[in-house]
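A.B. asks: Sharing a structure with you now.
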There are 2 protein chains.
Amino acid sequence: MRKYPLPSLDLLHSFEAVARHRSFTLAADELCLTQSAVSRQVKALEDALGLRLFHRLHRAVTVTAEGQRLFESVTRGLDDVSACLAALGAATKAPS
Amino acid sequence: MRKYPLPSLDLLHSFEAVARHRSFTLAADELCLTQSAVSRQVKALEDALGLRLFHRLHRAVTVTAEGQRLFESVTRGLDDVSACLAALGAATKAPS
DNA sequence: TAAAAATACTCCATAGGTATTTTAT
DNA sequence: ATAAAATACCTATGGAGTATTTTTA
């Protein structure tokens, strides 16, 4: 009886970065990970949700309709939490 | 140049469960983890943020003022993402 | 070709379990 | 004495890196 049947939230964080940059490589830079790791994270998220989130094109990545909806939702959430932490004067060091 | 200097979002998820249940043990049950693991996750989050989030009392756990603010913010975010995923018909299986 | 994503392979850090101790009443 | 959280210790897993392959314009 879990209130939130959610996927790993860390995967959502990576998803958000990819959607924002429209690039796995740039997202990886921001997240201090390799392109390889981000690629697998996004795949893991898509598998967990049973949704395709990105269109992999030749030299571009675009979000699917579902991806766009999720992106907006996650962005709202991260913005909100981020603002909350800033207001609380929380340390802003990156995770691990 | 990371847009969101956020802690591990998975830790926020556990934090939210503990704050809601006011219990590490019950949160652990919900999260399919042990009390031990949840205790360490919350400690890791508090360390990462440099904030004390809970008052550990004798037979009760209560959130601090900062914890309450964060709890409200995280709850909003999780509710929103959760609703979004439900609307998209995403699979609801738990993460790994 | 070239630029970007996917993947095979490997490794090891660390997340989590078990068992125990501590705490507070 | 009890119930809950913290912690020491250990182990296995899976997350991440490197190197390579695939894709497609």
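Simple scheme: letters A, B, ... for chains in structure tokens order, numbers from 1 for residues in each chain, numbers from 1 for ligands in the order shown.
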Please, which residues in chain B fall within 12 Å of chain C when counting only C-alpha atoms (C1' of nucleotides), and what is the closest atom pair and distance in Å to one decimal for each, ordered by chain then residue number, as JSON lines?

C.D. replies:
```
{"residue": "B:Asp10", "atom": "CA", "partner": "C:DA15", "partner_atom": "C1'", "distance": 11.7}
{"residue": "B:Leu11", "atom": "CA", "partner": "C:DA15", "partner_atom": "C1'", "distance": 11.7}
{"residue": "B:Ala28", "atom": "CA", "partner": "C:DG16", "partner_atom": "C1'", "distance": 11.7}
{"residue": "B:Cys32", "atom": "CA", "partner": "C:DG16", "partner_atom": "C1'", "distance": 11.0}
{"residue": "B:Leu33", "atom": "CA", "partner": "C:DG16", "partner_atom": "C1'", "distance": 7.9}
{"residue": "B:Thr34", "atom": "CA", "partner": "C:DG17", "partner_atom": "C1'", "distance": 7.5}
{"residue": "B:Gln35", "atom": "CA", "partner": "C:DG17", "partner_atom": "C1'", "distance": 10.2}
{"residue": "B:Ser36", "atom": "CA", "partner": "C:DG16", "partner_atom": "C1'", "distance": 8.3}
{"residue": "B:Ala37", "atom": "CA", "partner": "C:DG16", "partner_atom": "C1'", "distance": 6.0}
{"residue": "B:Val38", "atom": "CA", "partner": "C:DG16", "partner_atom": "C1'", "distance": 9.4}
{"residue": "B:Ser39", "atom": "CA", "partner": "C:DG16", "partner_atom": "C1'", "distance": 11.2}
{"residue": "B:Arg40", "atom": "CA", "partner": "C:DA15", "partner_atom": "C1'", "distance": 9.7}
{"residue": "B:Gln41", "atom": "CA", "partner": "C:DA15", "partner_atom": "C1'", "distance": 9.3}
{"residue": "B:Ala44", "atom": "CA", "partner": "C:DA15", "partner_atom": "C1'", "distance": 11.6}
{"residue": "B:Arg56", "atom": "CA", "partner": "C:DT23", "partner_atom": "C1'", "distance": 9.9}
{"residue": "B:Leu57", "atom": "CA", "partner": "C:DA24", "partner_atom": "C1'", "distance": 7.8}
{"residue": "B:His58", "atom": "CA", "partner": "C:DA24", "partner_atom": "C1'", "distance": 5.0}
{"residue": "B:Arg59", "atom": "CA", "partner": "C:DA24", "partner_atom": "C1'", "distance": 8.0}
{"residue": "B:Ala60", "atom": "CA", "partner": "C:DA24", "partner_atom": "C1'", "distance": 10.7}
```

A.B. asks: Could you write out chain B as a PDB file with N, CA and C atoms, in the first residue's frame once it has been least-squares superposed on chain A using every ordered C-alpha pair?

C.D. replies:
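Printed below is result_2.pdb as written:
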```pdb
ATOM      1  N   MET B   1       1.018  -1.197   0.125  1.00  0.00           N
ATOM      2  CA  MET B   1       0.153  -0.013   0.095  1.00  0.00           C
ATOM      3  C   MET B   1       1.007   1.240   0.076  1.00  0.00           C
ATOM      4  N   ARG B   2       1.516   1.493  -1.066  1.00  0.00           N
ATOM      5  CA  ARG B   2       2.457   2.578  -1.249  1.00  0.00           C
ATOM      6  C   ARG B   2       1.659   3.747  -1.783  1.00  0.00           C
ATOM      7  N   LYS B   3       1.843   4.889  -1.213  1.00  0.00           N
ATOM      8  CA  LYS B   3       1.052   6.029  -1.669  1.00  0.00           C
ATOM      9  C   LYS B   3       1.401   6.441  -3.093  1.00  0.00           C
ATOM     10  N   TYR B   4       2.677   6.494  -3.388  1.00  0.00           N
ATOM     11  CA  TYR B   4       3.104   6.926  -4.698  1.00  0.00           C
ATOM     12  C   TYR B   4       3.793   5.803  -5.438  1.00  0.00           C
ATOM     13  N   PRO B   5       3.138   5.169  -6.362  1.00  0.00           N
ATOM     14  CA  PRO B   5       3.823   4.152  -7.169  1.00  0.00           C
ATOM     15  C   PRO B   5       4.663   4.866  -8.215  1.00  0.00           C
ATOM     16  N   LEU B   6       5.758   5.405  -7.791  1.00  0.00           N
ATOM     17  CA  LEU B   6       6.586   6.226  -8.668  1.00  0.00           C
ATOM     18  C   LEU B   6       7.833   5.489  -9.112  1.00  0.00           C
ATOM     19  N   PRO B   7       8.338   5.862 -10.268  1.00  0.00           N
ATOM     20  CA  PRO B   7       9.639   5.314 -10.682  1.00  0.00           C
ATOM     21  C   PRO B   7      10.714   6.001  -9.855  1.00  0.00           C
ATOM     22  N   SER B   8      11.940   5.574 -10.020  1.00  0.00           N
ATOM     23  CA  SER B   8      13.036   6.247  -9.317  1.00  0.00           C
ATOM     24  C   SER B   8      13.035   7.729  -9.691  1.00  0.00           C
ATOM     25  N   LEU B   9      13.000   8.570  -8.691  1.00  0.00           N
ATOM     26  CA  LEU B   9      12.944  10.001  -8.949  1.00  0.00           C
ATOM     27  C   LEU B   9      14.244  10.516  -9.551  1.00  0.00           C
ATOM     28  N   ASP B  10      15.326   9.804  -9.298  1.00  0.00           N
ATOM     29  CA  ASP B  10      16.590  10.223  -9.892  1.00  0.00           C
ATOM     30  C   ASP B  10      16.533  10.087 -11.415  1.00  0.00           C
ATOM     31  N   LEU B  11      15.795   9.085 -11.873  1.00  0.00           N
ATOM     32  CA  LEU B  11      15.643   8.939 -13.324  1.00  0.00           C
ATOM     33  C   LEU B  11      14.844  10.095 -13.891  1.00  0.00           C
ATOM     34  N   LEU B  12      13.871  10.561 -13.144  1.00  0.00           N
ATOM     35  CA  LEU B  12      13.089  11.708 -13.599  1.00  0.00           C
ATOM     36  C   LEU B  12      13.962  12.953 -13.716  1.00  0.00           C
ATOM     37  N   HIS B  13      14.896  13.060 -12.808  1.00  0.00           N
ATOM     38  CA  HIS B  13      15.802  14.199 -12.835  1.00  0.00           C
ATOM     39  C   HIS B  13      16.623  14.199 -14.130  1.00  0.00           C
ATOM     40  N   SER B  14      17.138  13.041 -14.471  1.00  0.00           N
ATOM     41  CA  SER B  14      17.914  12.934 -15.707  1.00  0.00           C
ATOM     42  C   SER B  14      17.020  13.157 -16.925  1.00  0.00           C
ATOM     43  N   PHE B  15      15.848  12.596 -16.872  1.00  0.00           N
ATOM     44  CA  PHE B  15      14.899  12.803 -17.971  1.00  0.00           C
ATOM     45  C   PHE B  15      14.676  14.284 -18.214  1.00  0.00           C
ATOM     46  N   GLU B  16      14.477  15.012 -17.131  1.00  0.00           N
ATOM     47  CA  GLU B  16      14.204  16.450 -17.237  1.00  0.00           C
ATOM     48  C   GLU B  16      15.367  17.177 -17.918  1.00  0.00           C
ATOM     49  N   ALA B  17      16.570  16.804 -17.555  1.00  0.00           N
ATOM     50  CA  ALA B  17      17.739  17.462 -18.148  1.00  0.00           C
ATOM     51  C   ALA B  17      17.834  17.168 -19.640  1.00  0.00           C
ATOM     52  N   VAL B  18      17.560  15.926 -20.015  1.00  0.00           N
ATOM     53  CA  VAL B  18      17.616  15.565 -21.434  1.00  0.00           C
ATOM     54  C   VAL B  18      16.532  16.312 -22.212  1.00  0.00           C
ATOM     55  N   ALA B  19      15.349  16.373 -21.654  1.00  0.00           N
ATOM     56  CA  ALA B  19      14.246  17.047 -22.347  1.00  0.00           C
ATOM     57  C   ALA B  19      14.555  18.534 -22.500  1.00  0.00           C
ATOM     58  N   ARG B  20      15.143  19.117 -21.498  1.00  0.00           N
ATOM     59  CA  ARG B  20      15.449  20.542 -21.542  1.00  0.00           C
ATOM     60  C   ARG B  20      16.544  20.842 -22.552  1.00  0.00           C
ATOM     61  N   HIS B  21      17.577  20.000 -22.572  1.00  0.00           N
ATOM     62  CA  HIS B  21      18.692  20.232 -23.490  1.00  0.00           C
ATOM     63  C   HIS B  21      18.414  19.676 -24.880  1.00  0.00           C
ATOM     64  N   ARG B  22      17.440  18.792 -24.959  1.00  0.00           N
ATOM     65  CA  ARG B  22      17.212  18.052 -26.209  1.00  0.00           C
ATOM     66  C   ARG B  22      18.507  17.382 -26.655  1.00  0.00           C
ATOM     67  N   SER B  23      19.197  16.837 -25.696  1.00  0.00           N
ATOM     68  CA  SER B  23      20.472  16.170 -25.979  1.00  0.00           C
ATOM     69  C   SER B  23      20.895  15.335 -24.785  1.00  0.00           C
ATOM     70  N   PHE B  24      21.276  14.098 -25.068  1.00  0.00           N
ATOM     71  CA  PHE B  24      21.768  13.231 -24.005  1.00  0.00           C
ATOM     72  C   PHE B  24      23.145  13.688 -23.554  1.00  0.00           C
ATOM     73  N   THR B  25      23.943  14.086 -24.519  1.00  0.00           N
ATOM     74  CA  THR B  25      25.317  14.481 -24.220  1.00  0.00           C
ATOM     75  C   THR B  25      25.372  15.729 -23.343  1.00  0.00           C
ATOM     76  N   LEU B  26      24.589  16.731 -23.700  1.00  0.00           N
ATOM     77  CA  LEU B  26      24.595  17.964 -22.905  1.00  0.00           C
ATOM     78  C   LEU B  26      23.999  17.718 -21.527  1.00  0.00           C
ATOM     79  N   ALA B  27      22.961  16.916 -21.482  1.00  0.00           N
ATOM     80  CA  ALA B  27      22.372  16.591 -20.180  1.00  0.00           C
ATOM     81  C   ALA B  27      23.400  15.895 -19.305  1.00  0.00           C
ATOM     82  N   ALA B  28      24.157  14.997 -19.903  1.00  0.00           N
ATOM     83  CA  ALA B  28      25.186  14.272 -19.155  1.00  0.00           C
ATOM     84  C   ALA B  28      26.202  15.243 -18.571  1.00  0.00           C
ATOM     85  N   ASP B  29      26.611  16.222 -19.363  1.00  0.00           N
ATOM     86  CA  ASP B  29      27.554  17.222 -18.864  1.00  0.00           C
ATOM     87  C   ASP B  29      26.980  17.909 -17.639  1.00  0.00           C
ATOM     88  N   GLU B  30      25.759  18.346 -17.751  1.00  0.00           N
ATOM     89  CA  GLU B  30      25.138  19.056 -16.632  1.00  0.00           C
ATOM     90  C   GLU B  30      25.039  18.179 -15.392  1.00  0.00           C
ATOM     91  N   LEU B  31      24.730  16.927 -15.610  1.00  0.00           N
ATOM     92  CA  LEU B  31      24.518  16.012 -14.494  1.00  0.00           C
ATOM     93  C   LEU B  31      25.822  15.402 -13.987  1.00  0.00           C
ATOM     94  N   CYS B  32      26.924  15.774 -14.601  1.00  0.00           N
ATOM     95  CA  CYS B  32      28.211  15.178 -14.240  1.00  0.00           C
ATOM     96  C   CYS B  32      28.186  13.666 -14.397  1.00  0.00           C
ATOM     97  N   LEU B  33      27.638  13.236 -15.514  1.00  0.00           N
ATOM     98  CA  LEU B  33      27.619  11.819 -15.850  1.00  0.00           C
ATOM     99  C   LEU B  33      28.098  11.696 -17.298  1.00  0.00           C
ATOM    100  N   THR B  34      28.222  10.456 -17.768  1.00  0.00           N
ATOM    101  CA  THR B  34      28.566  10.263 -19.171  1.00  0.00           C
ATOM    102  C   THR B  34      27.296  10.136 -20.000  1.00  0.00           C
ATOM    103  N   GLN B  35      27.433  10.351 -21.278  1.00  0.00           N
ATOM    104  CA  GLN B  35      26.297  10.191 -22.197  1.00  0.00           C
ATOM    105  C   GLN B  35      25.744   8.778 -22.069  1.00  0.00           C
ATOM    106  N   SER B  36      26.635   7.854 -21.909  1.00  0.00           N
ATOM    107  CA  SER B  36      26.258   6.447 -21.771  1.00  0.00           C
ATOM    108  C   SER B  36      25.323   6.235 -20.581  1.00  0.00           C
ATOM    109  N   ALA B  37      25.692   6.777 -19.471  1.00  0.00           N
ATOM    110  CA  ALA B  37      24.882   6.597 -18.256  1.00  0.00           C
ATOM    111  C   ALA B  37      23.502   7.219 -18.422  1.00  0.00           C
ATOM    112  N   VAL B  38      23.469   8.398 -19.012  1.00  0.00           N
ATOM    113  CA  VAL B  38      22.183   9.081 -19.177  1.00  0.00           C
ATOM    114  C   VAL B  38      21.304   8.317 -20.152  1.00  0.00           C
ATOM    115  N   SER B  39      21.894   7.816 -21.189  1.00  0.00           N
ATOM    116  CA  SER B  39      21.139   7.012 -22.156  1.00  0.00           C
ATOM    117  C   SER B  39      20.462   5.839 -21.466  1.00  0.00           C
ATOM    118  N   ARG B  40      21.217   5.171 -20.618  1.00  0.00           N
ATOM    119  CA  ARG B  40      20.643   4.021 -19.909  1.00  0.00           C
ATOM    120  C   ARG B  40      19.589   4.437 -18.894  1.00  0.00           C
ATOM    121  N   GLN B  41      19.803   5.568 -18.258  1.00  0.00           N
ATOM    122  CA  GLN B  41      18.805   6.030 -17.288  1.00  0.00           C
ATOM    123  C   GLN B  41      17.474   6.311 -17.976  1.00  0.00           C
ATOM    124  N   VAL B  42      17.550   6.979 -19.109  1.00  0.00           N
ATOM    125  CA  VAL B  42      16.318   7.305 -19.819  1.00  0.00           C
ATOM    126  C   VAL B  42      15.628   6.033 -20.294  1.00  0.00           C
ATOM    127  N   LYS B  43      16.406   5.109 -20.785  1.00  0.00           N
ATOM    128  CA  LYS B  43      15.832   3.839 -21.212  1.00  0.00           C
ATOM    129  C   LYS B  43      15.168   3.133 -20.026  1.00  0.00           C
ATOM    130  N   ALA B  44      15.834   3.155 -18.898  1.00  0.00           N
ATOM    131  CA  ALA B  44      15.275   2.516 -17.704  1.00  0.00           C
ATOM    132  C   ALA B  44      13.959   3.173 -17.317  1.00  0.00           C
ATOM    133  N   LEU B  45      13.915   4.487 -17.440  1.00  0.00           N
ATOM    134  CA  LEU B  45      12.678   5.195 -17.110  1.00  0.00           C
ATOM    135  C   LEU B  45      11.572   4.829 -18.083  1.00  0.00           C
ATOM    136  N   GLU B  46      11.899   4.822 -19.355  1.00  0.00           N
ATOM    137  CA  GLU B  46      10.894   4.470 -20.363  1.00  0.00           C
ATOM    138  C   GLU B  46      10.386   3.049 -20.123  1.00  0.00           C
ATOM    139  N   ASP B  47      11.280   2.172 -19.776  1.00  0.00           N
ATOM    140  CA  ASP B  47      10.873   0.792 -19.501  1.00  0.00           C
ATOM    141  C   ASP B  47       9.977   0.729 -18.272  1.00  0.00           C
ATOM    142  N   ALA B  48      10.370   1.456 -17.239  1.00  0.00           N
ATOM    143  CA  ALA B  48       9.600   1.417 -15.988  1.00  0.00           C
ATOM    144  C   ALA B  48       8.201   1.967 -16.197  1.00  0.00           C
ATOM    145  N   LEU B  49       8.087   2.988 -17.005  1.00  0.00           N
ATOM    146  CA  LEU B  49       6.788   3.623 -17.214  1.00  0.00           C
ATOM    147  C   LEU B  49       5.989   2.959 -18.330  1.00  0.00           C
ATOM    148  N   GLY B  50       6.701   2.241 -19.178  1.00  0.00           N
ATOM    149  CA  GLY B  50       6.008   1.691 -20.334  1.00  0.00           C
ATOM    150  C   GLY B  50       5.596   2.778 -21.307  1.00  0.00           C
ATOM    151  N   LEU B  51       6.378   3.847 -21.332  1.00  0.00           N
ATOM    152  CA  LEU B  51       6.100   4.969 -22.238  1.00  0.00           C
ATOM    153  C   LEU B  51       7.357   5.320 -23.010  1.00  0.00           C
ATOM    154  N   ARG B  52       7.171   5.717 -24.247  1.00  0.00           N
ATOM    155  CA  ARG B  52       8.298   6.250 -25.021  1.00  0.00           C
ATOM    156  C   ARG B  52       8.313   7.746 -24.768  1.00  0.00           C
ATOM    157  N   LEU B  53       9.427   8.271 -24.296  1.00  0.00           N
ATOM    158  CA  LEU B  53       9.489   9.679 -23.895  1.00  0.00           C
ATOM    159  C   LEU B  53      10.187  10.561 -24.921  1.00  0.00           C
ATOM    160  N   PHE B  54      11.049   9.959 -25.739  1.00  0.00           N
ATOM    161  CA  PHE B  54      11.799  10.747 -26.720  1.00  0.00           C
ATOM    162  C   PHE B  54      11.723  10.141 -28.103  1.00  0.00           C
ATOM    163  N   HIS B  55      11.778  11.022 -29.086  1.00  0.00           N
ATOM    164  CA  HIS B  55      12.028  10.610 -30.459  1.00  0.00           C
ATOM    165  C   HIS B  55      13.518  10.784 -30.678  1.00  0.00           C
ATOM    166  N   ARG B  56      14.192   9.685 -30.997  1.00  0.00           N
ATOM    167  CA  ARG B  56      15.620   9.774 -31.302  1.00  0.00           C
ATOM    168  C   ARG B  56      15.747  10.024 -32.789  1.00  0.00           C
ATOM    169  N   LEU B  57      16.156  11.217 -33.134  1.00  0.00           N
ATOM    170  CA  LEU B  57      16.329  11.555 -34.532  1.00  0.00           C
ATOM    171  C   LEU B  57      17.820  11.545 -34.854  1.00  0.00           C
ATOM    172  N   HIS B  58      18.120  11.968 -36.049  1.00  0.00           N
ATOM    173  CA  HIS B  58      19.517  11.870 -36.467  1.00  0.00           C
ATOM    174  C   HIS B  58      20.445  12.680 -35.584  1.00  0.00           C
ATOM    175  N   ARG B  59      20.288  13.971 -35.639  1.00  0.00           N
ATOM    176  CA  ARG B  59      21.194  14.765 -34.812  1.00  0.00           C
ATOM    177  C   ARG B  59      20.376  15.655 -33.880  1.00  0.00           C
ATOM    178  N   ALA B  60      19.303  15.066 -33.388  1.00  0.00           N
ATOM    179  CA  ALA B  60      18.442  15.818 -32.470  1.00  0.00           C
ATOM    180  C   ALA B  60      17.597  14.838 -31.680  1.00  0.00           C
ATOM    181  N   VAL B  61      17.206  15.271 -30.519  1.00  0.00           N
ATOM    182  CA  VAL B  61      16.307  14.483 -29.687  1.00  0.00           C
ATOM    183  C   VAL B  61      15.102  15.361 -29.404  1.00  0.00           C
ATOM    184  N   THR B  62      13.932  14.826 -29.599  1.00  0.00           N
ATOM    185  CA  THR B  62      12.735  15.607 -29.260  1.00  0.00           C
ATOM    186  C   THR B  62      11.862  14.766 -28.341  1.00  0.00           C
ATOM    187  N   VAL B  63      11.065  15.450 -27.538  1.00  0.00           N
ATOM    188  CA  VAL B  63      10.182  14.727 -26.632  1.00  0.00           C
ATOM    189  C   VAL B  63       8.922  14.298 -27.366  1.00  0.00           C
ATOM    190  N   THR B  64       8.389  13.178 -26.963  1.00  0.00           N
ATOM    191  CA  THR B  64       7.098  12.731 -27.494  1.00  0.00           C
ATOM    192  C   THR B  64       6.003  13.547 -26.789  1.00  0.00           C
ATOM    193  N   ALA B  65       4.775  13.336 -27.193  1.00  0.00           N
ATOM    194  CA  ALA B  65       3.659  14.038 -26.548  1.00  0.00           C
ATOM    195  C   ALA B  65       3.631  13.690 -25.063  1.00  0.00           C
ATOM    196  N   GLU B  66       3.769  12.404 -24.759  1.00  0.00           N
ATOM    197  CA  GLU B  66       3.785  11.993 -23.349  1.00  0.00           C
ATOM    198  C   GLU B  66       4.983  12.606 -22.627  1.00  0.00           C
ATOM    199  N   GLY B  67       6.109  12.603 -23.321  1.00  0.00           N
ATOM    200  CA  GLY B  67       7.309  13.166 -22.720  1.00  0.00           C
ATOM    201  C   GLY B  67       7.121  14.635 -22.376  1.00  0.00           C
ATOM    202  N   GLN B  68       6.443  15.343 -23.245  1.00  0.00           N
ATOM    203  CA  GLN B  68       6.217  16.772 -23.008  1.00  0.00           C
ATOM    204  C   GLN B  68       5.368  16.982 -21.765  1.00  0.00           C
ATOM    205  N   ARG B  69       4.310  16.197 -21.632  1.00  0.00           N
ATOM    206  CA  ARG B  69       3.460  16.326 -20.446  1.00  0.00           C
ATOM    207  C   ARG B  69       4.256  16.038 -19.177  1.00  0.00           C
ATOM    208  N   LEU B  70       5.031  14.967 -19.238  1.00  0.00           N
ATOM    209  CA  LEU B  70       5.828  14.611 -18.069  1.00  0.00           C
ATOM    210  C   LEU B  70       6.875  15.675 -17.780  1.00  0.00           C
ATOM    211  N   PHE B  71       7.472  16.178 -18.820  1.00  0.00           N
ATOM    212  CA  PHE B  71       8.502  17.216 -18.661  1.00  0.00           C
ATOM    213  C   PHE B  71       7.927  18.421 -17.929  1.00  0.00           C
ATOM    214  N   GLU B  72       6.757  18.853 -18.327  1.00  0.00           N
ATOM    215  CA  GLU B  72       6.149  20.028 -17.691  1.00  0.00           C
ATOM    216  C   GLU B  72       5.869  19.753 -16.214  1.00  0.00           C
ATOM    217  N   SER B  73       5.364  18.583 -15.947  1.00  0.00           N
ATOM    218  CA  SER B  73       5.052  18.216 -14.570  1.00  0.00           C
ATOM    219  C   SER B  73       6.310  18.147 -13.708  1.00  0.00           C
ATOM    220  N   VAL B  74       7.323  17.490 -14.232  1.00  0.00           N
ATOM    221  CA  VAL B  74       8.561  17.334 -13.468  1.00  0.00           C
ATOM    222  C   VAL B  74       9.244  18.686 -13.282  1.00  0.00           C
ATOM    223  N   THR B  75       9.209  19.499 -14.309  1.00  0.00           N
ATOM    224  CA  THR B  75       9.819  20.828 -14.212  1.00  0.00           C
ATOM    225  C   THR B  75       9.161  21.644 -13.106  1.00  0.00           C
ATOM    226  N   ARG B  76       7.852  21.628 -13.091  1.00  0.00           N
ATOM    227  CA  ARG B  76       7.137  22.325 -12.009  1.00  0.00           C
ATOM    228  C   ARG B  76       7.616  21.839 -10.657  1.00  0.00           C
ATOM    229  N   GLY B  77       7.648  20.533 -10.507  1.00  0.00           N
ATOM    230  CA  GLY B  77       8.043  19.962  -9.224  1.00  0.00           C
ATOM    231  C   GLY B  77       9.458  20.328  -8.824  1.00  0.00           C
ATOM    232  N   LEU B  78      10.375  20.225  -9.779  1.00  0.00           N
ATOM    233  CA  LEU B  78      11.771  20.531  -9.455  1.00  0.00           C
ATOM    234  C   LEU B  78      11.948  22.008  -9.168  1.00  0.00           C
ATOM    235  N   ASP B  79      11.266  22.840  -9.934  1.00  0.00           N
ATOM    236  CA  ASP B  79      11.344  24.282  -9.673  1.00  0.00           C
ATOM    237  C   ASP B  79      10.860  24.580  -8.259  1.00  0.00           C
ATOM    238  N   ASP B  80       9.758  23.948  -7.912  1.00  0.00           N
ATOM    239  CA  ASP B  80       9.159  24.206  -6.610  1.00  0.00           C
ATOM    240  C   ASP B  80      10.064  23.750  -5.468  1.00  0.00           C
ATOM    241  N   VAL B  81      10.545  22.538  -5.577  1.00  0.00           N
ATOM    242  CA  VAL B  81      11.419  22.017  -4.524  1.00  0.00           C
ATOM    243  C   VAL B  81      12.705  22.819  -4.460  1.00  0.00           C
ATOM    244  N   SER B  82      13.208  23.150  -5.629  1.00  0.00           N
ATOM    245  CA  SER B  82      14.436  23.922  -5.707  1.00  0.00           C
ATOM    246  C   SER B  82      14.274  25.271  -5.017  1.00  0.00           C
ATOM    247  N   ALA B  83      13.162  25.934  -5.283  1.00  0.00           N
ATOM    248  CA  ALA B  83      12.898  27.231  -4.655  1.00  0.00           C
ATOM    249  C   ALA B  83      12.741  27.069  -3.150  1.00  0.00           C
ATOM    250  N   CYS B  84      12.067  26.013  -2.755  1.00  0.00           N
ATOM    251  CA  CYS B  84      11.868  25.743  -1.333  1.00  0.00           C
ATOM    252  C   CYS B  84      13.208  25.572  -0.631  1.00  0.00           C
ATOM    253  N   LEU B  85      14.070  24.782  -1.220  1.00  0.00           N
ATOM    254  CA  LEU B  85      15.378  24.551  -0.600  1.00  0.00           C
ATOM    255  C   LEU B  85      16.193  25.832  -0.547  1.00  0.00           C
ATOM    256  N   ALA B  86      16.110  26.615  -1.585  1.00  0.00           N
ATOM    257  CA  ALA B  86      16.832  27.886  -1.588  1.00  0.00           C
ATOM    258  C   ALA B  86      16.308  28.782  -0.468  1.00  0.00           C
ATOM    259  N   ALA B  87      14.991  28.824  -0.321  1.00  0.00           N
ATOM    260  CA  ALA B  87      14.387  29.651   0.723  1.00  0.00           C
ATOM    261  C   ALA B  87      14.811  29.188   2.109  1.00  0.00           C
ATOM    262  N   LEU B  88      15.025  27.897   2.237  1.00  0.00           N
ATOM    263  CA  LEU B  88      15.431  27.353   3.533  1.00  0.00           C
ATOM    264  C   LEU B  88      16.926  27.494   3.757  1.00  0.00           C
ATOM    265  N   GLY B  89      17.607  28.001   2.747  1.00  0.00           N
ATOM    266  CA  GLY B  89      19.044  28.146   2.881  1.00  0.00           C
ATOM    267  C   GLY B  89      19.777  26.825   2.908  1.00  0.00           C
ATOM    268  N   ALA B  90      19.207  25.839   2.248  1.00  0.00           N
ATOM    269  CA  ALA B  90      19.843  24.519   2.218  1.00  0.00           C
ATOM    270  C   ALA B  90      21.139  24.590   1.435  1.00  0.00           C
ATOM    271  N   ALA B  91      22.067  23.733   1.801  1.00  0.00           N
ATOM    272  CA  ALA B  91      23.309  23.630   1.051  1.00  0.00           C
ATOM    273  C   ALA B  91      22.954  23.210  -0.367  1.00  0.00           C
ATOM    274  N   THR B  92      23.719  23.695  -1.327  1.00  0.00           N
ATOM    275  CA  THR B  92      23.355  23.420  -2.717  1.00  0.00           C
ATOM    276  C   THR B  92      24.360  22.499  -3.389  1.00  0.00           C
ATOM    277  N   LYS B  93      25.088  21.758  -2.587  1.00  0.00           N
ATOM    278  CA  LYS B  93      26.047  20.856  -3.220  1.00  0.00           C
ATOM    279  C   LYS B  93      25.328  19.707  -3.904  1.00  0.00           C
ATOM    280  N   ALA B  94      25.914  19.274  -4.970  1.00  0.00           N
ATOM    281  CA  ALA B  94      25.329  18.194  -5.773  1.00  0.00           C
ATOM    282  C   ALA B  94      25.315  16.904  -4.971  1.00  0.00           C
ATOM    283  N   PRO B  95      24.396  16.009  -5.325  1.00  0.00           N
ATOM    284  CA  PRO B  95      24.348  14.724  -4.635  1.00  0.00           C
ATOM    285  C   PRO B  95      25.574  13.895  -4.986  1.00  0.00           C
ATOM    286  N   SER B  96      25.944  13.064  -4.036  1.00  0.00           N
ATOM    287  CA  SER B  96      27.103  12.152  -4.133  1.00  0.00           C
ATOM    288  C   SER B  96      27.840  12.278  -5.442  1.00  0.00           C
TER     289      SER B  96
END
```

A.B. asks: Between chain D and chain A, at 10 Å or less, what are the per-residue closest atom pairs and their distances in Å? Count only C-alpha atoms (C1' of nucleotides), order by chain and rising residue number, and return it as a Markdown table.

C.D. replies:
```
| residue | atom | partner | partner_atom | distance |
| --- | --- | --- | --- | --- |
| D:DG15 | C1' | A:Ala37 | CA | 8.0 |
| D:DA16 | C1' | A:Ala37 | CA | 6.1 |
| D:DG17 | C1' | A:Thr34 | CA | 7.6 |
| D:DT18 | C1' | A:Ser36 | CA | 9.8 |
| D:DT23 | C1' | A:His58 | CA | 7.6 |
| D:DT24 | C1' | A:His58 | CA | 5.4 |
| D:DA25 | C1' | A:His58 | CA | 6.3 |
```

A.B. asks: Store the residues picked out above in a file with C-alpha atoms (C1' of nucleotides), as a PDB file, in the first residue's frame.

C.D. replies:
```
ATOM      1  C1'  DG D  15      25.105   2.271 -11.605  1.00  0.00           C
ATOM      2  C1'  DA D  16      28.671   4.297 -14.092  1.00  0.00           C
ATOM      3  C1'  DG D  17      32.897   4.451 -16.984  1.00  0.00           C
ATOM      4  C1'  DT D  18      35.435   3.035 -21.259  1.00  0.00           C
ATOM      5  C1'  DT D  23      22.287   4.913 -36.775  1.00  0.00           C
ATOM      6  C1'  DT D  24      21.098   8.249 -40.142  1.00  0.00           C
ATOM      7  C1'  DA D  25      21.664  12.444 -42.410  1.00  0.00           C
TER       8       DA D  25
END
```

A.B. asks: What are the DSSP alpha helix (DSSP H) residues of chain B, as a PyMOL selection string?

C.D. replies: chain B and resi 9-21+24-31+35-49+65-87
